[in-house]
Amino acid sequence: MFDWLTQIDWFAIACWLGALSLIIAGLAGTVVPAIPGLPLIAGGALLIGWADQFEIIGWGTIAALTVMAVIGVVIDTVAQTAGAQKAGASKEGIWGSVIGTVLGVFMGGLIGILVMPLIGAFIGEFWAKRDLLHAGRVGVATWTGMVIGTAVKIALAFMMLGVLIFMYFV
């Protein structure tokens, strides 16, 4: 009666559903600091490749996407820290930025994610130096680095999706 059920490739369906879940979470992770967005997209590509025994999405494509993910993670990490260090941030200012980023994620919404790293860096730097102007410069520089890193991650995420779409549908 249900012979058609035995002909369905349940493994491929599970891989595709897992891949789509990873890619969607990865896209969210390009703007939410606590989620490793680009590695999740690369993991989704691996599952898509696995679903068809790497015939369409092969190891070369997966390697290229993994390299893009690593580049994005490095740039994102370096951008925020470099922005803070260029402004002369102390250890407390950098830690304030990290704590602000984590709190911003839990505050929810785009405002928390965008504003809390700046506030955290400002508070941490003010705590260390007791200089409002310097603390403000460090906060803005840290925030600018974070925005640049996020922009790079978003660009790389769409490039990775473009590669997947091109390889699979063209």
# chains A, B, ... in the order shown; residues from 1 in each chain; ligands from 1

$ residues_around --residues "region 149-164 of chain A" --least-positions-apart "2" --cutoff "7 Å" --atoms "only C-alpha atoms" --output "NGL selection string"
:A and (27 or 30-31 or 38 or 65 or 68 or 72 or 75-76 or 79-80 or 145-147 or 166-168)

$ select_by_dssp --residues "chain A" --states "helix (DSSP H, G or I)" --output "VMD selection string"
chain A and resid 3 to 7 10 to 29 37 to 51 59 to 86 91 to 107 109 to 129 132 to 169

$ atom_distance --atom1 "CA of Ile41 (chain A)" --atom2 "CA of Gly58 (chain A)"
15.2 Å

$ residues_around --residues "region 98-114 of chain A" --least-positions-apart "5" --cutoff "12 Å" --atoms "only C-alpha atoms" --output "PyMOL selection string"
chain A and resi 28-35+77+80-81+84+91-93+119-124+139-140+142-147+150

$ atom_distance --atom1 "CA of Leu22 (chain A)" --atom2 "CA of Met116 (chain A)"
26.5 Å

$ closest_residue --among "A:Val138, A:Val73, A:Ala87, A:Ala19" --to "Ile48 (chain A)" --atoms "only C-alpha atoms"
A:Ala19

$ decode --residues "region 111-143 of chain A" --atoms "N, CA and C atoms" --output "mmCIF file, in the first residue's frame"
data_model
loop_
_atom_site.group_PDB
_atom_site.id
_atom_site.type_symbol
_atom_site.label_atom_id
_atom_site.label_comp_id
_atom_site.auth_asym_id
_atom_site.auth_seq_id
_atom_site.Cartn_x
_atom_site.Cartn_y
_atom_site.Cartn_z
ATOM 1 N N ILE A 111 18.950 46.665 17.838
ATOM 2 C CA ILE A 111 19.479 47.772 18.644
ATOM 3 C C ILE A 111 20.497 47.240 19.655
ATOM 4 N N GLY A 112 20.171 46.161 20.338
ATOM 5 C CA GLY A 112 21.088 45.589 21.313
ATOM 6 C C GLY A 112 22.386 45.139 20.678
ATOM 7 N N ILE A 113 22.276 44.516 19.503
ATOM 8 C CA ILE A 113 23.460 44.013 18.810
ATOM 9 C C ILE A 113 24.324 45.167 18.319
ATOM 10 N N LEU A 114 23.702 46.251 17.875
ATOM 11 C CA LEU A 114 24.463 47.377 17.342
ATOM 12 C C LEU A 114 25.007 48.324 18.405
ATOM 13 N N VAL A 115 24.252 48.538 19.469
ATOM 14 C CA VAL A 115 24.601 49.577 20.433
ATOM 15 C C VAL A 115 25.431 49.062 21.607
ATOM 16 N N MET A 116 25.161 47.853 22.062
ATOM 17 C CA MET A 116 25.814 47.370 23.279
ATOM 18 C C MET A 116 27.337 47.209 23.158
ATOM 19 N N PRO A 117 27.899 46.788 22.013
ATOM 20 C CA PRO A 117 29.369 46.751 21.946
ATOM 21 C C PRO A 117 29.990 48.140 22.123
ATOM 22 N N LEU A 118 29.355 49.154 21.550
ATOM 23 C CA LEU A 118 29.841 50.523 21.703
ATOM 24 C C LEU A 118 29.775 50.949 23.166
ATOM 25 N N ILE A 119 28.651 50.683 23.811
ATOM 26 C CA ILE A 119 28.482 51.061 25.219
ATOM 27 C C ILE A 119 29.458 50.283 26.099
ATOM 28 N N GLY A 120 29.608 48.987 25.810
ATOM 29 C CA GLY A 120 30.530 48.171 26.600
ATOM 30 C C GLY A 120 31.964 48.665 26.490
ATOM 31 N N ALA A 121 32.399 48.976 25.267
ATOM 32 C CA ALA A 121 33.761 49.486 25.065
ATOM 33 C C ALA A 121 33.930 50.822 25.775
ATOM 34 N N PHE A 122 32.919 51.672 25.676
ATOM 35 C CA PHE A 122 32.969 52.979 26.337
ATOM 36 C C PHE A 122 33.112 52.814 27.847
ATOM 37 N N ILE A 123 32.272 51.955 28.447
ATOM 38 C CA ILE A 123 32.308 51.760 29.902
ATOM 39 C C ILE A 123 33.644 51.157 30.332
ATOM 40 N N GLY A 124 34.092 50.132 29.592
ATOM 41 C CA GLY A 124 35.361 49.506 29.946
ATOM 42 C C GLY A 124 36.525 50.475 29.863
ATOM 43 N N GLU A 125 36.540 51.295 28.824
ATOM 44 C CA GLU A 125 37.632 52.247 28.649
ATOM 45 C C GLU A 125 37.547 53.374 29.670
ATOM 46 N N PHE A 126 36.337 53.819 29.968
ATOM 47 C CA PHE A 126 36.185 54.864 30.980
ATOM 48 C C PHE A 126 36.617 54.342 32.348
ATOM 49 N N TRP A 127 36.300 53.102 32.621
ATOM 50 C CA TRP A 127 36.700 52.465 33.884
ATOM 51 C C TRP A 127 38.229 52.485 34.015
ATOM 52 N N ALA A 128 38.909 52.221 32.890
ATOM 53 C CA ALA A 128 40.374 52.132 32.913
ATOM 54 C C ALA A 128 41.050 53.500 32.938
ATOM 55 N N LYS A 129 40.545 54.463 32.173
ATOM 56 C CA LYS A 129 41.283 55.730 31.986
ATOM 57 C C LYS A 129 40.611 56.948 32.611
ATOM 58 N N ARG A 130 39.337 56.857 32.912
ATOM 59 C CA ARG A 130 38.583 57.983 33.474
ATOM 60 C C ARG A 130 38.623 59.208 32.570
ATOM 61 N N ASP A 131 38.583 58.984 31.257
ATOM 62 C CA ASP A 131 38.621 60.062 30.273
ATOM 63 C C ASP A 131 37.451 59.863 29.308
ATOM 64 N N LEU A 132 36.450 60.741 29.414
ATOM 65 C CA LEU A 132 35.243 60.592 28.598
ATOM 66 C C LEU A 132 35.532 60.658 27.100
ATOM 67 N N LEU A 133 36.350 61.589 26.666
ATOM 68 C CA LEU A 133 36.645 61.750 25.244
ATOM 69 C C LEU A 133 37.361 60.508 24.693
ATOM 70 N N HIS A 134 38.346 60.041 25.414
ATOM 71 C CA HIS A 134 39.085 58.844 24.985
ATOM 72 C C HIS A 134 38.157 57.627 24.962
ATOM 73 N N ALA A 135 37.339 57.487 25.985
ATOM 74 C CA ALA A 135 36.404 56.361 26.044
ATOM 75 C C ALA A 135 35.418 56.425 24.880
ATOM 76 N N GLY A 136 34.974 57.611 24.532
ATOM 77 C CA GLY A 136 34.067 57.766 23.388
ATOM 78 C C GLY A 136 34.735 57.382 22.082
ATOM 79 N N ARG A 137 35.999 57.794 21.901
ATOM 80 C CA ARG A 137 36.742 57.421 20.687
ATOM 81 C C ARG A 137 36.899 55.909 20.581
ATOM 82 N N VAL A 138 37.229 55.265 21.687
ATOM 83 C CA VAL A 138 37.400 53.810 21.689
ATOM 84 C C VAL A 138 36.073 53.126 21.383
ATOM 85 N N GLY A 139 34.990 53.611 21.976
ATOM 86 C CA GLY A 139 33.673 53.026 21.714
ATOM 87 C C GLY A 139 33.296 53.126 20.252
ATOM 88 N N VAL A 140 33.486 54.292 19.664
ATOM 89 C CA VAL A 140 33.136 54.489 18.251
ATOM 90 C C VAL A 140 34.045 53.660 17.345
ATOM 91 N N ALA A 141 35.341 53.620 17.648
ATOM 92 C CA ALA A 141 36.274 52.845 16.820
ATOM 93 C C ALA A 141 35.956 51.356 16.892
ATOM 94 N N THR A 142 35.608 50.863 18.072
ATOM 95 C CA THR A 142 35.240 49.461 18.229
ATOM 96 C C THR A 142 33.967 49.165 17.436
ATOM 97 N N TRP A 143 33.002 50.049 17.545
ATOM 98 C CA TRP A 143 31.739 49.878 16.834
ATOM 99 C C TRP A 143 31.969 49.911 15.318
#
